[in-house]
Amino acid sequence: MIARALEAEILRLHHAEHWPIGTIAAQLRVHHGTVRRVLAQAGVEVAKKTPVRASIVAPYMAFIVETLAKYPTLRASRLHTMVRERGYTGAPDHFRAIVARLRPRPAAEAYLRLRTLPGEQSQCDWAHFGKLTIGRAVRPLMAFVMVLSYSRQLFLRFYLGASMNDFIRGHVEAFTYFTAVPRVVLYDNLRSAVLERVGEAIRFNPTLLELAAHYRFEPRPVAVARGNEKGRVERAIRFARDAFFAAREFRDLDDLNAQALAWCEGAAAERPCPEDRSRSVREVFAEEKPHLLSLPENPFPCEERVEVSVRKTPYVRFDLNDYTIPHDHVNRTLMVMATLDTVRILEGSEVIATHPRSFDRGAQVEQPSHIEALITRKRAASTHRGQDRLQHAAPSAKSLFLLAAERGTHLGVLTRGLLQLLDSHGAQALEAAIAAALAEDTAHLGAVRHFIDAHAHARGQRPPIAVSLPNDPRLQNLSVRAQPLTAYDQLTKDSTDDEHNDARNPQP
């Protein structure tokens with residue numbers, strides 16, 4: 001039974017507003033059968049329902065069901081092509097919905113709740129948290145997550161990638177954070193853990209086996225297509241994504257990791273333990289910790305080791321950036337050993353350079369002493385080339401350099417000055433001047449200049465005047481007309497006449 005007022009409203013909307021039954025039922029929030037009953041009781045002739053039109057796919061339903069029973073994973077697009085060849089004219093989108101409804105579903109599988117003993121197992125995995133821009137580089141922001149299966153104690157740390165070195169470094173830092181090691185570490189079948197798997201035959205990553213031997217734990221991959229076996233780390237990743245990372249602000253990676261560590265020690269440790277909600281994760285972890293394995297005396301080395309070939313320039317390319325080395329180590333194969341903070345470059349067992357690590361792209365990380373040593377070497381090489389040229393042009397130059405070196409004369413300045421004299425006066429004049437200077441037991445540039453000018457004067461030659469114009473075509477092609485100097489002679493004459501007049505007529 002419905003209220004009289006509602007019956008009156010139904011009749012009013014039907015007669016006055018001419019609303020159809022479906023609209024009245026939707027707007028008044030009653031069943032359309034109720035609306036039909038009220039109208040029928042009021043003597044209103046209600047139209048019968050329109051008979052449902054037969055579907056165009058109906059003749060092909062038996063064929064579709066039979067085909068899907070034989071080939072359960074057959075694509076709907078292929079099945080649509082098959083029925084079109086048999087006369088079906090429907091659109092593929094509607095047909096795809098029909099196939100999805102008819103496709104046989106596998107039987108639902110139930111799982112037992114997995115329980116572990118204290119200290120027995122941990123689970124770890126990578127999680128992608130977007131990208132981080134550092135200078136000109138855009139790097140993936142990856143989170144290494146490890147959770148103890150019994151207490152649900154959580155370790156979270158972010159890295160700029162998911163390389164094998166970062167994977168090993170995550171284990172070392174997680175064990176250091178727990179100050180203990182679980183007996184079994186459970187993995188998904190990721191490449192950092194499992195290189196190849198055929199059934200139960202598993203080929204582990206050799207670096208992971210070295211890590212496991214060092215910390216004395218058993219690496220164990222989950223069964224194929226059994227993600228439920230590592231559900232604890234999956235839920236831990238979702239918890240970290242929602243409770244920690246969402247709307248998180250940070251300056252850089254170090255700041256983010258500092259906040260993650262504080263969160264693991266604070267809010268994540270104070271949450272109720274799923275196995276015993278009356279206690280916190282921190283309390284259950286205190287119970288579990290005595291059952292964990294103790295840490296070895298030394299942590300596993302997790303430096304990244306890369307062999308690099310150095311060419312002619314004193315730079316080593318590593319992780320998208322260039323790092324300087326001493327110039328006498330070029331054209332060799334060197335070893336780069338890198339942590340998250342430092343890049344060391346070694347030749348054999350000798351460390352030849354140490355730099356702070358950069359996660360930028362195309363950056364040149366330079367040590368000033370490396371560049372200054374190369375510049376000094378280049379200058380010295382330029383001096384040696386100049387001395388060779390002088391010794392070929394003026395053989396006495398060799399004796400001059402030896403004497404200058406004994407007396408502490410700057411050989412670079414001497415070389416540049418002699419080269420200028422060689423270019424301006426020629427080899428013969430320079431050789432004679434150097435010989436004269438040596439005869440006087442002098443070995444400085446001033447003496448050579450003195451003798452070269454004296455010899456030129458004795459021959460009646462004027463000293464050359466070096467004129468250099470800027471590299472400007474307007475000046476190089478400029479033609480200057482010579483001006484008469486009679487005006488200057490007249491000035492000299494007038495000045496002489498004035499002096500004579502002053503001598504004849506002295507002032508009283």
# chains A, B, ... in the order shown; residues from 1 in each chain; ligands from 1
$ select_by_dssp --residues "range 49-171 of chain A" --states "helix (DSSP H, G or I)" --output "short mmCIF file (atom, residue, chain, number, x, y, z; two decimals) with C-alpha atoms, in the first residue's frame"
data_model
loop_
_atom_site.label_atom_id
_atom_site.label_comp_id
_atom_site.auth_asym_id
_atom_site.auth_seq_id
_atom_site.Cartn_x
_atom_site.Cartn_y
_atom_site.Cartn_z
CA ALA A 58 20.70 -15.51 -31.18
CA PRO A 59 21.19 -17.88 -34.17
CA TYR A 60 24.94 -17.94 -33.47
CA MET A 61 24.85 -18.46 -29.71
CA ALA A 62 25.24 -22.22 -29.91
CA PHE A 63 28.27 -21.85 -32.22
CA ILE A 64 29.87 -19.26 -29.90
CA VAL A 65 29.35 -21.38 -26.77
CA GLU A 66 30.69 -24.49 -28.48
CA THR A 67 33.77 -22.67 -29.82
CA LEU A 68 34.58 -21.08 -26.44
CA ALA A 69 34.22 -24.44 -24.72
CA LYS A 70 36.84 -25.86 -27.08
CA ALA A 76 36.71 -12.03 -29.29
CA SER A 77 38.06 -10.33 -32.46
CA ARG A 78 38.86 -13.72 -34.02
CA LEU A 79 35.51 -15.16 -32.97
CA HIS A 80 33.77 -12.10 -34.47
CA THR A 81 35.49 -12.76 -37.81
CA MET A 82 34.32 -16.38 -37.69
CA VAL A 83 30.65 -15.49 -37.10
CA ARG A 84 30.75 -12.74 -39.74
CA PRO A 92 32.36 -5.86 -32.87
CA ASP A 93 31.95 -3.82 -29.64
CA HIS A 94 28.57 -5.34 -28.77
CA PHE A 95 29.81 -8.76 -29.81
CA ARG A 96 32.82 -8.42 -27.50
CA ALA A 97 30.48 -7.84 -24.54
CA ILE A 98 28.48 -10.95 -25.46
CA VAL A 99 31.66 -13.06 -25.66
CA ALA A 100 32.84 -11.74 -22.27
CA ARG A 101 29.55 -12.89 -20.74
CA LEU A 102 29.71 -16.34 -22.33
CA MET A 164 71.87 -4.81 -9.18
CA ASN A 165 74.14 -2.63 -7.06
CA ASP A 166 71.13 -0.79 -5.63
CA PHE A 167 69.42 -4.14 -5.00
CA ILE A 168 72.42 -5.40 -3.02
CA ARG A 169 72.78 -2.04 -1.24
CA GLY A 170 69.11 -2.24 -0.21
CA HIS A 171 69.69 -5.61 1.46
#
$ residues_around --residues "range 207-214 of chain A" --least-positions-apart "6" --cutoff "8 Å" --atoms "only C-alpha atoms" --output "list in words"
Ile168, Ser192, Ala193, Pro296 and Phe300 of chain A
$ write_last_selection --atoms "C-alpha atoms" --output "PDB file, in the first residue's frame"
ATOM      1  CA  ILE A 168      72.419  -5.399  -3.017  1.00  0.00           C
ATOM      2  CA  SER A 192      68.138  -9.214  -9.841  1.00  0.00           C
ATOM      3  CA  ALA A 193      67.330 -12.454  -8.012  1.00  0.00           C
ATOM      4  CA  PRO A 296      78.500 -10.639  10.336  1.00  0.00           C
ATOM      5  CA  PHE A 300      78.939  -6.897   2.329  1.00  0.00           C
TER       6      PHE A 300
END
$ residues_around --residues "range 118-124 of chain A" --least-positions-apart "3" --cutoff "6 Å" --atoms "only C-alpha atoms" --output "list of chain:residue names"
A:Val145, A:Met146, A:Val147, A:Leu148, A:Ser149, A:Tyr150, A:Pro182, A:Arg183, A:Val184, A:Val185, A:Leu186, A:Val233, A:Glu288, A:His291, A:Leu292
$ write_last_selection --atoms "all heavy atoms" --output "CSV table (one decimal), in the first residue's frame"
chain,number,residue,atom,x,y,z
A,145,VAL,N,61.8,-2.1,-0.7
A,145,VAL,CA,60.9,-2.4,0.5
A,145,VAL,C,61.2,-3.8,1.0
A,145,VAL,O,61.2,-4.8,0.2
A,145,VAL,CB,59.4,-2.3,0.2
A,145,VAL,CG1,58.6,-2.5,1.4
A,145,VAL,CG2,59.1,-0.9,-0.4
A,146,MET,N,61.5,-4.0,2.3
A,146,MET,CA,61.7,-5.3,2.9
A,146,MET,C,60.8,-5.3,4.2
A,146,MET,O,60.9,-4.3,5.0
A,146,MET,CB,63.1,-5.6,3.2
A,146,MET,CG,63.4,-6.9,3.9
A,146,MET,SD,65.1,-7.3,4.2
A,146,MET,CE,65.6,-7.7,2.6
A,147,VAL,N,60.1,-6.3,4.4
A,147,VAL,CA,59.2,-6.4,5.6
A,147,VAL,C,59.4,-7.8,6.2
A,147,VAL,O,59.6,-8.8,5.5
A,147,VAL,CB,57.7,-6.2,5.2
A,147,VAL,CG1,57.3,-7.2,4.1
A,147,VAL,CG2,56.8,-6.3,6.4
A,148,LEU,N,59.5,-7.9,7.5
A,148,LEU,CA,59.6,-9.1,8.2
A,148,LEU,C,58.2,-9.7,8.3
A,148,LEU,O,57.3,-9.1,8.7
A,148,LEU,CB,60.2,-8.9,9.6
A,148,LEU,CG,61.6,-8.3,9.7
A,148,LEU,CD1,62.1,-8.1,11.1
A,148,LEU,CD2,62.6,-9.3,9.0
A,149,SER,N,58.1,-11.0,7.9
A,149,SER,CA,56.8,-11.6,7.7
A,149,SER,C,56.1,-11.8,9.1
A,149,SER,O,54.9,-11.8,9.1
A,149,SER,CB,57.0,-13.0,7.0
A,149,SER,OG,57.5,-12.8,5.7
A,150,TYR,N,56.8,-12.0,10.2
A,150,TYR,CA,56.2,-12.3,11.4
A,150,TYR,C,55.7,-11.0,12.1
A,150,TYR,O,54.5,-10.8,12.4
A,150,TYR,CB,57.1,-13.0,12.4
A,150,TYR,CG,56.5,-13.4,13.7
A,150,TYR,CD1,55.6,-14.4,13.8
A,150,TYR,CD2,56.8,-12.6,14.8
A,150,TYR,CE1,55.0,-14.7,15.1
A,150,TYR,CE2,56.3,-12.9,16.1
A,150,TYR,CZ,55.4,-13.9,16.2
A,150,TYR,OH,54.8,-14.2,17.4
A,182,PRO,N,67.0,-12.2,8.6
A,182,PRO,CA,66.1,-13.3,8.6
A,182,PRO,C,66.7,-14.5,8.0
A,182,PRO,O,67.7,-14.5,7.2
A,182,PRO,CB,64.9,-12.8,7.8
A,182,PRO,CG,65.6,-11.7,6.9
A,182,PRO,CD,66.7,-11.1,7.7
A,183,ARG,N,66.1,-15.7,8.3
A,183,ARG,CA,66.7,-16.9,7.8
A,183,ARG,C,66.4,-17.1,6.3
A,183,ARG,O,67.1,-17.8,5.6
A,183,ARG,CB,66.2,-18.1,8.6
A,183,ARG,CG,66.6,-18.0,10.1
A,183,ARG,CD,65.9,-19.2,10.9
A,183,ARG,NE,66.3,-19.0,12.3
A,183,ARG,CZ,67.4,-19.4,12.9
A,183,ARG,NH1,68.3,-20.0,12.2
A,183,ARG,NH2,67.6,-19.2,14.2
A,184,VAL,N,65.3,-16.6,5.8
A,184,VAL,CA,64.8,-16.8,4.4
A,184,VAL,C,64.4,-15.4,3.9
A,184,VAL,O,63.7,-14.7,4.7
A,184,VAL,CB,63.7,-17.8,4.3
A,184,VAL,CG1,63.2,-17.8,2.9
A,184,VAL,CG2,64.1,-19.1,4.8
A,185,VAL,N,64.8,-15.1,2.7
A,185,VAL,CA,64.3,-13.8,2.1
A,185,VAL,C,63.6,-14.3,0.8
A,185,VAL,O,64.1,-15.0,0.0
A,185,VAL,CB,65.5,-12.9,1.7
A,185,VAL,CG1,64.9,-11.6,1.0
A,185,VAL,CG2,66.3,-12.5,2.9
A,186,LEU,N,62.3,-13.9,0.8
A,186,LEU,CA,61.4,-14.3,-0.3
A,186,LEU,C,61.4,-13.2,-1.4
A,186,LEU,O,61.3,-12.0,-1.1
A,186,LEU,CB,60.0,-14.5,0.2
A,186,LEU,CG,59.1,-15.4,-0.6
A,186,LEU,CD1,59.7,-16.8,-0.6
A,186,LEU,CD2,57.7,-15.4,0.1
A,233,VAL,N,54.7,-8.1,1.5
A,233,VAL,CA,55.5,-7.0,0.9
A,233,VAL,C,54.6,-6.2,-0.1
A,233,VAL,O,54.8,-4.9,-0.2
A,233,VAL,CB,56.8,-7.5,0.2
A,233,VAL,CG1,56.5,-8.2,-1.1
A,233,VAL,CG2,57.7,-6.3,-0.1
A,288,GLU,N,60.4,-10.8,18.1
A,288,GLU,CA,60.9,-11.6,17.0
A,288,GLU,C,62.5,-11.5,17.0
A,288,GLU,O,63.1,-12.4,16.5
A,288,GLU,CB,60.3,-11.1,15.7
A,288,GLU,CG,60.9,-11.9,14.5
A,288,GLU,CD,60.3,-11.4,13.2
A,288,GLU,OE1,59.9,-10.2,13.2
A,288,GLU,OE2,60.3,-12.2,12.2
A,291,HIS,N,65.1,-14.2,17.6
A,291,HIS,CA,65.1,-15.3,16.7
A,291,HIS,C,65.8,-15.1,15.4
A,291,HIS,O,65.9,-16.0,14.6
A,291,HIS,CB,63.6,-15.8,16.5
A,291,HIS,CG,62.9,-16.1,17.7
A,291,HIS,ND1,63.0,-17.4,18.3
A,291,HIS,CD2,62.1,-15.4,18.5
A,291,HIS,CE1,62.2,-17.4,19.4
A,291,HIS,NE2,61.7,-16.2,19.6
A,292,LEU,N,66.2,-13.9,15.1
A,292,LEU,CA,66.8,-13.5,13.8
A,292,LEU,C,68.3,-13.9,13.9
A,292,LEU,O,68.9,-14.0,15.0
A,292,LEU,CB,66.7,-12.1,13.5
A,292,LEU,CG,65.2,-11.6,13.3
A,292,LEU,CD1,65.2,-10.0,13.2
A,292,LEU,CD2,64.7,-12.1,12.0
$ atom_distance --atom1 "CA of Leu293 in chain A" --atom2 "CA of Val181 in chain A"
4.8 Å
$ atom_distance --atom1 "CA of Glu366 in chain A" --atom2 "CA of Arg139 in chain A"
22.7 Å
$ atom_distance --atom1 "CA of His31 in chain A" --atom2 "CA of Arg53 in chain A"
23.7 Å
$ select_by_dssp --residues "range 328-412 of chain A" --states "strand (DSSP E)" --output "ChimeraX atom specification"
/A:333-338,342-347,350-356,364-365
$ write_last_selection --atoms "N, CA, C and O atoms" --output "PDB file, in the first residue's frame"
ATOM      1  N   THR A 333      92.759   1.520 -19.701  1.00  0.00           N
ATOM      2  CA  THR A 333      91.533   0.979 -19.124  1.00  0.00           C
ATOM      3  C   THR A 333      91.632   1.088 -17.608  1.00  0.00           C
ATOM      4  O   THR A 333      92.547   0.545 -16.995  1.00  0.00           O
ATOM      5  N   LEU A 334      90.681   1.806 -17.012  1.00  0.00           N
ATOM      6  CA  LEU A 334      90.690   2.062 -15.577  1.00  0.00           C
ATOM      7  C   LEU A 334      89.451   1.441 -14.941  1.00  0.00           C
ATOM      8  O   LEU A 334      88.532   0.985 -15.622  1.00  0.00           O
ATOM      9  N   MET A 335      89.427   1.442 -13.626  1.00  0.00           N
ATOM     10  CA  MET A 335      88.309   0.899 -12.866  1.00  0.00           C
ATOM     11  C   MET A 335      87.638   2.018 -12.071  1.00  0.00           C
ATOM     12  O   MET A 335      88.317   2.784 -11.384  1.00  0.00           O
ATOM     13  N   VAL A 336      86.312   2.104 -12.202  1.00  0.00           N
ATOM     14  CA  VAL A 336      85.521   3.067 -11.431  1.00  0.00           C
ATOM     15  C   VAL A 336      84.808   2.308 -10.321  1.00  0.00           C
ATOM     16  O   VAL A 336      84.128   1.307 -10.578  1.00  0.00           O
ATOM     17  N   MET A 337      84.971   2.778  -9.093  1.00  0.00           N
ATOM     18  CA  MET A 337      84.266   2.220  -7.942  1.00  0.00           C
ATOM     19  C   MET A 337      83.440   3.340  -7.328  1.00  0.00           C
ATOM     20  O   MET A 337      83.990   4.352  -6.890  1.00  0.00           O
ATOM     21  N   ALA A 338      82.123   3.153  -7.314  1.00  0.00           N
ATOM     22  CA  ALA A 338      81.229   4.246  -6.932  1.00  0.00           C
ATOM     23  C   ALA A 338      80.279   3.817  -5.835  1.00  0.00           C
ATOM     24  O   ALA A 338      79.756   2.696  -5.821  1.00  0.00           O
ATOM     25  N   THR A 342      80.317   8.945  -3.555  1.00  0.00           N
ATOM     26  CA  THR A 342      81.692   9.133  -4.015  1.00  0.00           C
ATOM     27  C   THR A 342      81.968   8.273  -5.239  1.00  0.00           C
ATOM     28  O   THR A 342      81.455   7.158  -5.361  1.00  0.00           O
ATOM     29  N   VAL A 343      82.807   8.833  -6.140  1.00  0.00           N
ATOM     30  CA  VAL A 343      83.313   8.092  -7.293  1.00  0.00           C
ATOM     31  C   VAL A 343      84.830   8.036  -7.182  1.00  0.00           C
ATOM     32  O   VAL A 343      85.486   9.087  -7.153  1.00  0.00           O
ATOM     33  N   ARG A 344      85.376   6.823  -7.085  1.00  0.00           N
ATOM     34  CA  ARG A 344      86.829   6.630  -7.048  1.00  0.00           C
ATOM     35  C   ARG A 344      87.265   5.990  -8.359  1.00  0.00           C
ATOM     36  O   ARG A 344      86.603   5.074  -8.854  1.00  0.00           O
ATOM     37  N   ILE A 345      88.397   6.469  -8.893  1.00  0.00           N
ATOM     38  CA  ILE A 345      88.936   5.944 -10.143  1.00  0.00           C
ATOM     39  C   ILE A 345      90.296   5.336  -9.833  1.00  0.00           C
ATOM     40  O   ILE A 345      91.167   5.993  -9.253  1.00  0.00           O
ATOM     41  N   LEU A 346      90.465   4.057 -10.220  1.00  0.00           N
ATOM     42  CA  LEU A 346      91.665   3.320  -9.874  1.00  0.00           C
ATOM     43  C   LEU A 346      92.358   2.804 -11.126  1.00  0.00           C
ATOM     44  O   LEU A 346      91.699   2.444 -12.112  1.00  0.00           O
ATOM     45  N   GLU A 347      93.683   2.764 -11.060  1.00  0.00           N
ATOM     46  CA  GLU A 347      94.484   2.028 -12.029  1.00  0.00           C
ATOM     47  C   GLU A 347      95.214   0.935 -11.258  1.00  0.00           C
ATOM     48  O   GLU A 347      96.117   1.217 -10.464  1.00  0.00           O
ATOM     49  N   GLU A 350      95.878   1.394  -7.321  1.00  0.00           N
ATOM     50  CA  GLU A 350      96.164   2.795  -6.987  1.00  0.00           C
ATOM     51  C   GLU A 350      94.952   3.675  -7.295  1.00  0.00           C
ATOM     52  O   GLU A 350      94.407   3.644  -8.406  1.00  0.00           O
ATOM     53  N   VAL A 351      94.529   4.444  -6.299  1.00  0.00           N
ATOM     54  CA  VAL A 351      93.440   5.408  -6.498  1.00  0.00           C
ATOM     55  C   VAL A 351      94.045   6.673  -7.088  1.00  0.00           C
ATOM     56  O   VAL A 351      94.846   7.355  -6.442  1.00  0.00           O
ATOM     57  N   ILE A 352      93.663   6.995  -8.326  1.00  0.00           N
ATOM     58  CA  ILE A 352      94.238   8.157  -8.999  1.00  0.00           C
ATOM     59  C   ILE A 352      93.326   9.375  -8.944  1.00  0.00           C
ATOM     60  O   ILE A 352      93.783  10.499  -9.217  1.00  0.00           O
ATOM     61  N   ALA A 353      92.056   9.200  -8.606  1.00  0.00           N
ATOM     62  CA  ALA A 353      91.142  10.356  -8.515  1.00  0.00           C
ATOM     63  C   ALA A 353      89.949   9.975  -7.650  1.00  0.00           C
ATOM     64  O   ALA A 353      89.491   8.832  -7.669  1.00  0.00           O
ATOM     65  N   THR A 354      89.454  10.962  -6.890  1.00  0.00           N
ATOM     66  CA  THR A 354      88.256  10.804  -6.072  1.00  0.00           C
ATOM     67  C   THR A 354      87.370  12.030  -6.266  1.00  0.00           C
ATOM     68  O   THR A 354      87.843  13.162  -6.158  1.00  0.00           O
ATOM     69  N   HIS A 355      86.094  11.798  -6.569  1.00  0.00           N
ATOM     70  CA  HIS A 355      85.159  12.895  -6.836  1.00  0.00           C
ATOM     71  C   HIS A 355      83.850  12.655  -6.091  1.00  0.00           C
ATOM     72  O   HIS A 355      83.479  11.500  -5.820  1.00  0.00           O
ATOM     73  N   PRO A 356      83.123  13.723  -5.763  1.00  0.00           N
ATOM     74  CA  PRO A 356      81.742  13.538  -5.310  1.00  0.00           C
ATOM     75  C   PRO A 356      80.872  13.065  -6.471  1.00  0.00           C
ATOM     76  O   PRO A 356      81.051  13.505  -7.609  1.00  0.00           O
ATOM     77  N   GLN A 364      80.345  17.807 -16.033  1.00  0.00           N
ATOM     78  CA  GLN A 364      81.788  17.603 -15.977  1.00  0.00           C
ATOM     79  C   GLN A 364      82.242  17.879 -14.540  1.00  0.00           C
ATOM     80  O   GLN A 364      82.270  19.025 -14.108  1.00  0.00           O
ATOM     81  N   VAL A 365      82.571  16.822 -13.832  1.00  0.00           N
ATOM     82  CA  VAL A 365      83.029  16.935 -12.452  1.00  0.00           C
ATOM     83  C   VAL A 365      84.558  16.995 -12.502  1.00  0.00           C
ATOM     84  O   VAL A 365      85.207  15.993 -12.826  1.00  0.00           O
TER      85      VAL A 365
END
$ closest_residue --among "A:Ala258, A:Leu320, A:Leu374, A:Ile325" --to "Arg357 in chain A" --atoms "only C-alpha atoms"
A:Leu320
